[in-house]
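Quick look at final-v3.pdb (PDB, C-alpha atoms and all ligand atoms):
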ATOM      1  CA  MET A   1      -0.948   7.378  15.148  1.00  0.00           C
ATOM      2  CA  GLU A   2      -3.088  10.409  15.514  1.00  0.00           C
ATOM      3  CA  TRP A   3      -5.526  10.851  12.760  1.00  0.00           C
ATOM      4  CA  ILE A   4      -8.986  12.367  12.896  1.00  0.00           C
ATOM      5  CA  PRO A   5     -11.298  10.823  10.334  1.00  0.00           C
ATOM      6  CA  ALA A   6     -13.003  13.161   7.912  1.00  0.00           C
ATOM      7  CA  ARG A   7     -16.456  14.115   9.083  1.00  0.00           C
ATOM      8  CA  ARG A   8     -19.301  12.433   7.295  1.00  0.00           C
ATOM      9  CA  GLY A   9     -20.770  14.641   4.638  1.00  0.00           C
ATOM     10  CA  ARG A  10     -17.524  16.479   4.146  1.00  0.00           C
ATOM     11  CA  TRP A  11     -17.490  15.423   0.493  1.00  0.00           C
ATOM     12  CA  PHE A  12     -20.620  17.317  -0.283  1.00  0.00           C
ATOM     13  CA  ASP A  13     -18.959  20.680   0.021  1.00  0.00           C
ATOM     14  CA  ALA A  14     -15.496  19.642  -1.217  1.00  0.00           C
ATOM     15  CA  PRO A  15     -14.267  19.797  -4.815  1.00  0.00           C
ATOM     16  CA  CYS A  16     -13.263  16.660  -6.741  1.00  0.00           C
ATOM     17  CA  HIS A  17      -9.898  15.284  -5.555  1.00  0.00           C
ATOM     18  CA  LEU A  18      -8.576  15.140  -9.084  1.00  0.00           C
ATOM     19  CA  CYS A  19     -10.047  17.939 -11.194  1.00  0.00           C
ATOM     20  CA  ARG A  20     -11.299  20.277  -8.448  1.00  0.00           C
ATOM     21  CA  ARG A  21     -14.750  20.523  -9.969  1.00  0.00           C
ATOM     22  CA  ASP A  22     -17.855  20.198  -7.798  1.00  0.00           C
ATOM     23  CA  THR A  23     -18.690  16.741  -6.630  1.00  0.00           C
ATOM     24  CA  VAL A  24     -21.579  15.095  -4.864  1.00  0.00           C
ATOM     25  CA  ASP A  25     -20.166  11.562  -4.763  1.00  0.00           C
ATOM     26  CA  PRO A  26     -19.041  10.146  -1.406  1.00  0.00           C
ATOM     27  CA  THR A  27     -15.797   8.974  -3.026  1.00  0.00           C
ATOM     28  CA  GLY A  28     -14.818  12.624  -3.398  1.00  0.00           C
ATOM     29  CA  LEU A  29     -14.589  12.309  -7.162  1.00  0.00           C
ATOM     30  CA  CYS A  30     -16.754  14.015  -9.765  1.00  0.00           C
ATOM     31  CA  VAL A  31     -18.751  11.905 -12.215  1.00  0.00           C
ATOM     32  CA  ASP A  32     -16.098  12.037 -14.938  1.00  0.00           C
ATOM     33  CA  CYS A  33     -13.161  11.259 -12.631  1.00  0.00           C
ATOM     34  CA  LEU A  34     -15.147   8.442 -11.033  1.00  0.00           C
ATOM     35  CA  VAL A  35     -15.591   6.820 -14.439  1.00  0.00           C
ATOM     36  CA  GLU A  36     -11.831   7.090 -15.011  1.00  0.00           C
ATOM     37  CA  TRP A  37     -11.058   5.739 -11.556  1.00  0.00           C
ATOM     38  CA  ARG A  38     -13.365   2.746 -12.020  1.00  0.00           C
ATOM     39  CA  ALA A  39     -11.672   1.999 -15.322  1.00  0.00           C
ATOM     40  CA  LEU A  40      -8.414   1.477 -13.390  1.00  0.00           C
ATOM     41  CA  LEU A  41      -9.975  -1.138 -11.109  1.00  0.00           C
ATOM     42  CA  GLY A  42     -10.658  -4.816 -11.465  1.00  0.00           C
ATOM     43  CA  ARG A  43      -8.011  -5.703 -14.035  1.00  0.00           C
ATOM     44  CA  PRO A  44      -6.720  -9.274 -13.809  1.00  0.00           C
ATOM     45  CA  ARG A  45      -3.319  -9.211 -12.124  1.00  0.00           C
ATOM     46  CA  CYS A  46      -0.525 -11.695 -11.602  1.00  0.00           C
ATOM     47  CA  ILE A  47      -0.982 -13.289  -8.160  1.00  0.00           C
ATOM     48  CA  SER A  48       2.802 -13.299  -7.673  1.00  0.00           C
ATOM     49  CA  CYS A  49       3.849  -9.748  -8.683  1.00  0.00           C
ATOM     50  CA  ALA A  50       0.529  -7.900  -9.232  1.00  0.00           C
ATOM     51  CA  LEU A  51       1.335  -6.703 -12.729  1.00  0.00           C
ATOM     52  CA  THR A  52      -1.706  -6.629 -15.017  1.00  0.00           C
ATOM     53  CA  LEU A  53      -2.178  -9.699 -17.160  1.00  0.00           C
ATOM     54  CA  ALA A  54      -2.829  -8.927 -20.778  1.00  0.00           C
ATOM     55  CA  ASP A  55      -3.156 -12.476 -22.037  1.00  0.00           C
ATOM     56  CA  ARG A  56      -4.127 -14.501 -18.970  1.00  0.00           C
ATOM     57  CA  GLY A  57      -7.114 -14.647 -16.676  1.00  0.00           C
ATOM     58  CA  GLU A  58      -7.806 -14.043 -13.008  1.00  0.00           C
ATOM     59  CA  GLY A  59      -5.736 -16.076 -10.527  1.00  0.00           C
ATOM     60  CA  MET A  60      -2.810 -16.674 -12.898  1.00  0.00           C
ATOM     61  CA  THR A  61       0.855 -15.667 -12.837  1.00  0.00           C
ATOM     62  CA  CYS A  62       2.556 -13.595 -15.534  1.00  0.00           C
ATOM     63  CA  GLY A  63       5.206 -15.049 -17.839  1.00  0.00           C
ATOM     64  CA  ALA A  64       8.115 -13.756 -15.761  1.00  0.00           C
ATOM     65  CA  CYS A  65       6.660 -15.114 -12.506  1.00  0.00           C
ATOM     66  CA  SER A  66       5.883 -18.489 -14.078  1.00  0.00           C
ATOM     67  CA  ALA A  67       9.644 -18.815 -14.524  1.00  0.00           C
ATOM     68  CA  ARG A  68      10.663 -17.068 -11.316  1.00  0.00           C
ATOM     69  CA  PRO A  69       7.896 -16.107  -8.883  1.00  0.00           C
ATOM     70  CA  TRP A  70       8.262 -13.313  -6.362  1.00  0.00           C
ATOM     71  CA  PRO A  71       9.062 -14.629  -2.881  1.00  0.00           C
ATOM     72  CA  PHE A  72       5.694 -13.788  -1.329  1.00  0.00           C
ATOM     73  CA  ASP A  73       2.536 -15.708  -0.551  1.00  0.00           C
ATOM     74  CA  GLY A  74       0.303 -13.615  -2.769  1.00  0.00           C
ATOM     75  CA  VAL A  75       0.679 -10.029  -3.961  1.00  0.00           C
ATOM     76  CA  VAL A  76      -2.304  -7.726  -4.409  1.00  0.00           C
ATOM     77  CA  SER A  77      -2.291  -4.252  -5.917  1.00  0.00           C
ATOM     78  CA  ALA A  78      -5.513  -2.362  -6.485  1.00  0.00           C
ATOM     79  CA  VAL A  79      -4.533  -0.104  -9.381  1.00  0.00           C
ATOM     80  CA  ASP A  80      -1.633   0.756 -11.642  1.00  0.00           C
ATOM     81  CA  LEU A  81       0.251   3.902 -10.681  1.00  0.00           C
ATOM     82  CA  ALA A  82      -1.612   6.007 -13.256  1.00  0.00           C
ATOM     83  CA  PRO A  83      -1.229   9.825 -13.120  1.00  0.00           C
ATOM     84  CA  SER A  84      -4.469  10.196 -11.148  1.00  0.00           C
ATOM     85  CA  VAL A  85      -3.330   7.595  -8.599  1.00  0.00           C
ATOM     86  CA  ARG A  86       0.085   9.227  -8.286  1.00  0.00           C
ATOM     87  CA  GLU A  87      -1.689  12.532  -7.697  1.00  0.00           C
ATOM     88  CA  LEU A  88      -3.697  11.101  -4.806  1.00  0.00           C
ATOM     89  CA  VAL A  89      -0.672   9.354  -3.283  1.00  0.00           C
ATOM     90  CA  HIS A  90       1.332  12.600  -3.447  1.00  0.00           C
ATOM     91  CA  ARG A  91      -1.570  14.604  -2.062  1.00  0.00           C
ATOM     92  CA  LEU A  92      -1.613  12.309   0.965  1.00  0.00           C
ATOM     93  CA  LYS A  93       2.133  11.817   1.443  1.00  0.00           C
ATOM     94  CA  TYR A  94       3.522  15.230   0.709  1.00  0.00           C
ATOM     95  CA  GLY A  95       0.437  17.471   0.946  1.00  0.00           C
ATOM     96  CA  GLN A  96      -0.958  15.908   4.122  1.00  0.00           C
ATOM     97  CA  ASP A  97      -4.384  15.910   2.495  1.00  0.00           C
ATOM     98  CA  PHE A  98      -6.156  13.214   4.490  1.00  0.00           C
ATOM     99  CA  SER A  99      -9.445  13.742   2.658  1.00  0.00           C
ATOM    100  CA  VAL A 100      -8.186  11.410  -0.106  1.00  0.00           C
ATOM    101  CA  LEU A 101      -7.668   8.591   2.384  1.00  0.00           C
ATOM    102  CA  PRO A 102     -11.180   7.021   2.469  1.00  0.00           C
ATOM    103  CA  LEU A 103     -11.141   6.528  -1.303  1.00  0.00           C
ATOM    104  CA  MET A 104      -7.656   4.987  -1.150  1.00  0.00           C
ATOM    105  CA  GLN A 105      -8.575   2.743   1.775  1.00  0.00           C
ATOM    106  CA  GLU A 106     -11.785   1.520   0.167  1.00  0.00           C
ATOM    107  CA  THR A 107     -10.044   0.869  -3.124  1.00  0.00           C
ATOM    108  CA  LEU A 108      -7.387  -1.252  -1.422  1.00  0.00           C
ATOM    109  CA  VAL A 109      -9.914  -3.123   0.747  1.00  0.00           C
ATOM    110  CA  ASP A 110     -12.055  -3.994  -2.296  1.00  0.00           C
ATOM    111  CA  ALA A 111      -9.013  -5.161  -4.255  1.00  0.00           C
ATOM    112  CA  VAL A 112      -7.710  -7.327  -1.415  1.00  0.00           C
ATOM    113  CA  ARG A 113     -11.092  -8.930  -0.768  1.00  0.00           C
ATOM    114  CA  GLY A 114     -11.696  -9.581  -4.437  1.00  0.00           C
ATOM    115  CA  SER A 115      -8.252 -10.948  -5.250  1.00  0.00           C
ATOM    116  CA  PRO A 116      -7.687 -14.655  -5.895  1.00  0.00           C
ATOM    117  CA  ALA A 117      -4.381 -14.135  -4.049  1.00  0.00           C
ATOM    118  CA  PHE A 118      -6.213 -13.119  -0.863  1.00  0.00           C
ATOM    119  CA  VAL A 119      -5.631 -15.181   2.285  1.00  0.00           C
ATOM    120  CA  LEU A 120      -6.763 -13.715   5.591  1.00  0.00           C
ATOM    121  CA  PRO A 121      -3.607 -12.900   7.576  1.00  0.00           C
ATOM    122  CA  ASP A 122      -3.188 -12.992  11.346  1.00  0.00           C
ATOM    123  CA  ALA A 123      -1.813  -9.443  11.352  1.00  0.00           C
ATOM    124  CA  LEU A 124      -1.068  -6.483   9.095  1.00  0.00           C
ATOM    125  CA  VAL A 125       2.426  -5.011   8.856  1.00  0.00           C
ATOM    126  CA  PRO A 126       2.494  -1.491   7.411  1.00  0.00           C
ATOM    127  CA  MET A 127       5.808  -0.904   5.604  1.00  0.00           C
ATOM    128  CA  PRO A 128       7.790   0.834   8.366  1.00  0.00           C
ATOM    129  CA  LEU A 129       9.391   4.225   7.881  1.00  0.00           C
ATOM    130  CA  HIS A 130      12.680   5.030   9.559  1.00  0.00           C
ATOM    131  CA  PRO A 131      11.977   7.208  12.632  1.00  0.00           C
ATOM    132  CA  ALA A 132      13.752  10.148  10.930  1.00  0.00           C
ATOM    133  CA  GLN A 133      11.631   9.707   7.812  1.00  0.00           C
ATOM    134  CA  ARG A 134       8.520   9.418   9.958  1.00  0.00           C
ATOM    135  CA  ARG A 135       9.442  12.657  11.748  1.00  0.00           C
ATOM    136  CA  ARG A 136      10.007  14.455   8.446  1.00  0.00           C
ATOM    137  CA  ARG A 137       6.627  13.372   7.083  1.00  0.00           C
ATOM    138  CA  GLY A 138       4.716  13.450  10.334  1.00  0.00           C
ATOM    139  CA  PHE A 139       2.937  10.132   9.661  1.00  0.00           C
ATOM    140  CA  ASN A 140       3.300   6.837   7.847  1.00  0.00           C
ATOM    141  CA  GLN A 141       0.941   6.576   4.879  1.00  0.00           C
ATOM    142  CA  ALA A 142       1.222   2.767   4.880  1.00  0.00           C
ATOM    143  CA  TRP A 143      -0.105   2.775   8.429  1.00  0.00           C
ATOM    144  CA  LEU A 144      -3.110   4.868   7.347  1.00  0.00           C
ATOM    145  CA  LEU A 145      -3.880   2.459   4.504  1.00  0.00           C
ATOM    146  CA  ALA A 146      -3.493  -0.524   6.826  1.00  0.00           C
ATOM    147  CA  ASP A 147      -5.980   1.065   9.193  1.00  0.00           C
ATOM    148  CA  GLY A 148      -8.721   0.721   6.555  1.00  0.00           C
ATOM    149  CA  LEU A 149      -7.864  -2.979   6.191  1.00  0.00           C
ATOM    150  CA  ARG A 150      -7.798  -3.420   9.946  1.00  0.00           C
ATOM    151  CA  ARG A 151     -11.375  -2.220  10.202  1.00  0.00           C
ATOM    152  CA  ALA A 152     -12.665  -4.056   7.135  1.00  0.00           C
ATOM    153  CA  LEU A 153     -10.978  -7.408   7.826  1.00  0.00           C
ATOM    154  CA  ASP A 154     -10.963  -7.216  11.611  1.00  0.00           C
ATOM    155  CA  ARG A 155      -7.257  -8.062  11.753  1.00  0.00           C
ATOM    156  CA  PRO A 156      -4.812  -6.237  14.006  1.00  0.00           C
ATOM    157  CA  ILE A 157      -1.950  -4.030  12.890  1.00  0.00           C
ATOM    158  CA  LEU A 158       1.353  -5.165  14.317  1.00  0.00           C
ATOM    159  CA  LYS A 159       2.196  -2.042  16.258  1.00  0.00           C
ATOM    160  CA  ARG A 160       5.537  -2.829  17.784  1.00  0.00           C
ATOM    161  CA  GLY A 161       8.623  -4.825  17.086  1.00  0.00           C
ATOM    162  CA  VAL A 162       8.976  -4.319  13.338  1.00  0.00           C
ATOM    163  CA  ARG A 163      11.211  -1.382  12.572  1.00  0.00           C
ATOM    164  CA  ARG A 164      13.170   0.226   9.790  1.00  0.00           C
ATOM    165  CA  VAL A 165      16.587   0.589  11.319  1.00  0.00           C
ATOM    166  CA  ARG A 166      18.325   2.160   8.359  1.00  0.00           C
ATOM    167  CA  ASP A 167      17.289   5.463   6.773  1.00  0.00           C
ATOM    168  CA  THR A 168      17.579   4.595   3.100  1.00  0.00           C
ATOM    169  CA  GLY A 169      15.958   7.819   1.890  1.00  0.00           C
ATOM    170  CA  SER A 170      14.299   7.641  -1.506  1.00  0.00           C
ATOM    171  CA  LEU A 171      15.250   4.616  -3.588  1.00  0.00           C
ATOM    172  CA  THR A 172      13.263   5.524  -6.661  1.00  0.00           C
ATOM    173  CA  MET A 173      16.230   6.585  -8.765  1.00  0.00           C
ATOM    174  CA  GLN A 174      18.480   3.685  -7.835  1.00  0.00           C
ATOM    175  CA  SER A 175      19.184   0.536  -9.795  1.00  0.00           C
ATOM    176  CA  SER A 176      17.787  -2.703  -8.431  1.00  0.00           C
ATOM    177  CA  ARG A 177      21.241  -3.836  -7.303  1.00  0.00           C
ATOM    178  CA  ASP A 178      21.794  -0.542  -5.430  1.00  0.00           C
ATOM    179  CA  ARG A 179      18.348  -0.861  -3.875  1.00  0.00           C
ATOM    180  CA  ARG A 180      19.096  -4.374  -2.667  1.00  0.00           C
ATOM    181  CA  ARG A 181      22.400  -3.233  -1.194  1.00  0.00           C
ATOM    182  CA  ALA A 182      20.798  -0.198   0.494  1.00  0.00           C
ATOM    183  CA  LEU A 183      18.063  -2.391   1.953  1.00  0.00           C
ATOM    184  CA  LYS A 184      20.286  -5.113   3.366  1.00  0.00           C
ATOM    185  CA  GLY A 185      19.670  -5.091   7.102  1.00  0.00           C
ATOM    186  CA  ALA A 186      17.311  -2.127   6.759  1.00  0.00           C
ATOM    187  CA  PHE A 187      14.585  -3.828   8.820  1.00  0.00           C
ATOM    188  CA  ALA A 188      14.520  -5.471  12.211  1.00  0.00           C
ATOM    189  CA  ALA A 189      11.773  -7.657  13.660  1.00  0.00           C
ATOM    190  CA  ASP A 190      12.313  -8.126  17.363  1.00  0.00           C
ATOM    191  CA  THR A 191       8.937  -9.429  18.391  1.00  0.00           C
ATOM    192  CA  GLU A 192       7.162 -12.747  18.201  1.00  0.00           C
ATOM    193  CA  LEU A 193       5.421 -12.743  14.850  1.00  0.00           C
ATOM    194  CA  PRO A 194       2.159 -14.464  13.999  1.00  0.00           C
ATOM    195  CA  ARG A 195       2.180 -17.197  11.374  1.00  0.00           C
ATOM    196  CA  ARG A 196       0.572 -15.258   8.534  1.00  0.00           C
ATOM    197  CA  VAL A 197       1.231 -11.581   7.918  1.00  0.00           C
ATOM    198  CA  ALA A 198       0.455  -9.115   5.140  1.00  0.00           C
ATOM    199  CA  ILE A 199       2.800  -6.224   4.387  1.00  0.00           C
ATOM    200  CA  VAL A 200       0.835  -3.089   3.473  1.00  0.00           C
ATOM    201  CA  ASP A 201       2.300  -0.272   1.379  1.00  0.00           C
ATOM    202  CA  ASP A 202       1.096   2.582  -0.794  1.00  0.00           C
ATOM    203  CA  VAL A 203       3.110   1.863  -3.928  1.00  0.00           C
ATOM    204  CA  LEU A 204       4.851  -1.338  -5.002  1.00  0.00           C
ATOM    205  CA  THR A 205       7.634  -0.663  -7.487  1.00  0.00           C
ATOM    206  CA  THR A 206      10.444  -3.223  -7.730  1.00  0.00           C
ATOM    207  CA  GLY A 207       9.379  -4.998  -4.551  1.00  0.00           C
ATOM    208  CA  ALA A 208      12.892  -4.572  -3.123  1.00  0.00           C
ATOM    209  CA  SER A 209      11.694  -3.067   0.176  1.00  0.00           C
ATOM    210  CA  ALA A 210       8.995  -5.715   0.550  1.00  0.00           C
ATOM    211  CA  ARG A 211      11.546  -8.480  -0.133  1.00  0.00           C
ATOM    212  CA  ALA A 212      13.916  -7.113   2.508  1.00  0.00           C
ATOM    213  CA  LEU A 213      11.093  -6.775   5.022  1.00  0.00           C
ATOM    214  CA  ALA A 214       9.680 -10.223   4.192  1.00  0.00           C
ATOM    215  CA  THR A 215      13.094 -11.814   4.740  1.00  0.00           C
ATOM    216  CA  GLU A 216      13.250 -10.242   8.178  1.00  0.00           C
ATOM    217  CA  LEU A 217       9.648 -11.226   8.998  1.00  0.00           C
ATOM    218  CA  ARG A 218      10.345 -14.851   8.029  1.00  0.00           C
ATOM    219  CA  ARG A 219      13.486 -14.778  10.130  1.00  0.00           C
ATOM    220  CA  GLY A 220      11.263 -13.581  12.997  1.00  0.00           C
ATOM    221  CA  GLY A 221       8.924 -16.553  12.630  1.00  0.00           C
ATOM    222  CA  ALA A 222       6.319 -15.596  10.008  1.00  0.00           C
ATOM    223  CA  GLU A 223       5.594 -18.512   7.689  1.00  0.00           C
ATOM    224  CA  SER A 224       3.430 -16.733   5.150  1.00  0.00           C
ATOM    225  CA  VAL A 225       4.080 -13.175   3.978  1.00  0.00           C
ATOM    226  CA  ALA A 226       1.697 -11.477   1.552  1.00  0.00           C
ATOM    227  CA  VAL A 227       2.118  -7.990   0.083  1.00  0.00           C
ATOM    228  CA  TRP A 228      -0.801  -5.627  -0.439  1.00  0.00           C
ATOM    229  CA  SER A 229      -0.365  -2.243  -2.041  1.00  0.00           C
ATOM    230  CA  LEU A 230      -2.730   0.397  -3.288  1.00  0.00           C
ATOM    231  CA  ALA A 231      -0.738   1.006  -6.464  1.00  0.00           C
ATOM    232  CA  ARG A 232       1.627  -0.973  -8.664  1.00  0.00           C
ATOM    233  CA  THR A 233       4.203   0.665 -10.901  1.00  0.00           C
ATOM    234  CA  PRO A 234       3.483  -0.855 -14.315  1.00  0.00           C
TER     235      PRO A 234
HETATM  236 ZN    ZN A 301     -13.077  15.268 -11.160  1.00  0.00          ZN
HETATM  237 ZN    ZN A 302       4.073 -11.770 -12.141  1.00  0.00          ZN
END

Would you mind writing the file's structure down as structure tokens?
Amino acid sequence: MEWIPARRGRWFDAPCHLCRRDTVDPTGLCVDCLVEWRALLGRPRCISCALTLADRGEGMTCGACSARPWPFDGVVSAVDLAPSVRELVHRLKYGQDFSVLPLMQETLVDAVRGSPAFVLPDALVPMPLHPAQRRRRGFNQAWLLADGLRRALDRPILKRGVRRVRDTGSLTMQSSRDRRRALKGAFAADTELPRRVAIVDDVLTTGASARALATELRRGGAESVAVWSLARTP
């Protein structure tokens, strides 16, 4: 992955990522947007599906997961997919604006470290893109997010052997059954996997992709599969 980190001090002459007003904060947000951003953080979330918990405390599961937990060993999302978060994700993914990346990386690192669902994995597995998808976009945003975790947690990114072998395109408009069908056999893990891995992605929606990947990772020898995403669709 070729990516040149933003020069230090870049923020001081760049406008706010969200409202384009002047900013002096190293996050790249102006004072008002920073207050809004912070309000999105630190909400208690279900340790099984990462939805916010309205009526339960930190380290608990939601009602749905108490009955039927997601098949992962801990799920962490930093923020809900609020309009401002969607804006940053789109800026990165479709606008190739890498200046938003440090804020996204730091937000995910802080959430992972602070989560009661956090267990240090042996390796990080960025949600793979199909090679055609990767060519269209030019990079994999999940890989960029995982790179922040790699540095902060001192854990390697699994670089080879886990691939997306089917180009499913966008699944956002499909029903969950159609997603499951489209994702069957979409991933291949042909490498020896460490015992504990964490899948890293930008947005967690139904979890269908993560489930399909986790199944393949377990088949390849992983015993514990966590899922970490920057954003969670509420
Ligand atoms: Zn702003
Ligand atoms: Zn849950």

For ligand ZN 302 (chain A), the nearest of the candidates A:Asp201, A:Thr206, A:Gln105, A:Leu81, counting all atoms listed in the file: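 Selected residue with least distance to ligand ZN 302 (chain A): A:Thr206.
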
Residue members of the PyMOL selection byres (((not hetatm)) within 12 of (chain A and resi 302)) in the file shown, as a PyMOL selection string: chain A and resi 44-54+56+59-72+74-77+117+206-207+232+234

For the residues in that selection, give me C-alpha atoms as an mmCIF file, in the frame of the given file.
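Below you can see result_35.cif, which holds the result:
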data_model
loop_
_atom_site.group_PDB
_atom_site.id
_atom_site.type_symbol
_atom_site.label_atom_id
_atom_site.label_comp_id
_atom_site.auth_asym_id
_atom_site.auth_seq_id
_atom_site.Cartn_x
_atom_site.Cartn_y
_atom_site.Cartn_z
ATOM 1 C CA PRO A 44 -6.720 -9.274 -13.809
ATOM 2 C CA ARG A 45 -3.319 -9.211 -12.124
ATOM 3 C CA CYS A 46 -0.525 -11.695 -11.602
ATOM 4 C CA ILE A 47 -0.982 -13.289 -8.160
ATOM 5 C CA SER A 48 2.802 -13.299 -7.673
ATOM 6 C CA CYS A 49 3.849 -9.748 -8.683
ATOM 7 C CA ALA A 50 0.529 -7.900 -9.232
ATOM 8 C CA LEU A 51 1.335 -6.703 -12.729
ATOM 9 C CA THR A 52 -1.706 -6.629 -15.017
ATOM 10 C CA LEU A 53 -2.178 -9.699 -17.160
ATOM 11 C CA ALA A 54 -2.829 -8.927 -20.778
ATOM 12 C CA ARG A 56 -4.127 -14.501 -18.970
ATOM 13 C CA GLY A 59 -5.736 -16.076 -10.527
ATOM 14 C CA MET A 60 -2.810 -16.674 -12.898
ATOM 15 C CA THR A 61 0.855 -15.667 -12.837
ATOM 16 C CA CYS A 62 2.556 -13.595 -15.534
ATOM 17 C CA GLY A 63 5.206 -15.049 -17.839
ATOM 18 C CA ALA A 64 8.115 -13.756 -15.761
ATOM 19 C CA CYS A 65 6.660 -15.114 -12.506
ATOM 20 C CA SER A 66 5.883 -18.489 -14.078
ATOM 21 C CA ALA A 67 9.644 -18.815 -14.524
ATOM 22 C CA ARG A 68 10.663 -17.068 -11.316
ATOM 23 C CA PRO A 69 7.896 -16.107 -8.883
ATOM 24 C CA TRP A 70 8.262 -13.313 -6.362
ATOM 25 C CA PRO A 71 9.062 -14.629 -2.881
ATOM 26 C CA PHE A 72 5.694 -13.788 -1.329
ATOM 27 C CA GLY A 74 0.303 -13.615 -2.769
ATOM 28 C CA VAL A 75 0.679 -10.029 -3.961
ATOM 29 C CA VAL A 76 -2.304 -7.726 -4.409
ATOM 30 C CA SER A 77 -2.291 -4.252 -5.917
ATOM 31 C CA ALA A 117 -4.381 -14.135 -4.049
ATOM 32 C CA THR A 206 10.444 -3.223 -7.730
ATOM 33 C CA GLY A 207 9.379 -4.998 -4.551
ATOM 34 C CA ARG A 232 1.627 -0.973 -8.664
ATOM 35 C CA PRO A 234 3.483 -0.855 -14.315
#

Within 12 Å of ligand ZN 301 (chain A) (all atoms listed in the file), residues as an NGL selection string: :A and (14-25 or 27-37 or 84)

Reference answer for the PyMOL selection byres (((chain A and resi 126-128) around 12) and not hetatm), as an MDAnalysis selection string: chainID A and resid 123:125 129:134 139:150 156:168 186:189 197:204 207:214 217 226:229

Atom-to-atom span, atom CA of Arg135 of chain A and atom CA of Gln174 of chain A, Å: 23.4 Å

Point-to-point distance in Å for atom CA of Val100 of chain A and atom CA of Leu88 of chain A: 6.5 Å

d(atom CA of Val109 of chain A, atom CA of Arg151 of chain A) in Å: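 If I compute the distance from atom CA of Val109 of chain A to atom CA of Arg151 of chain A, I get 9.6 Å.
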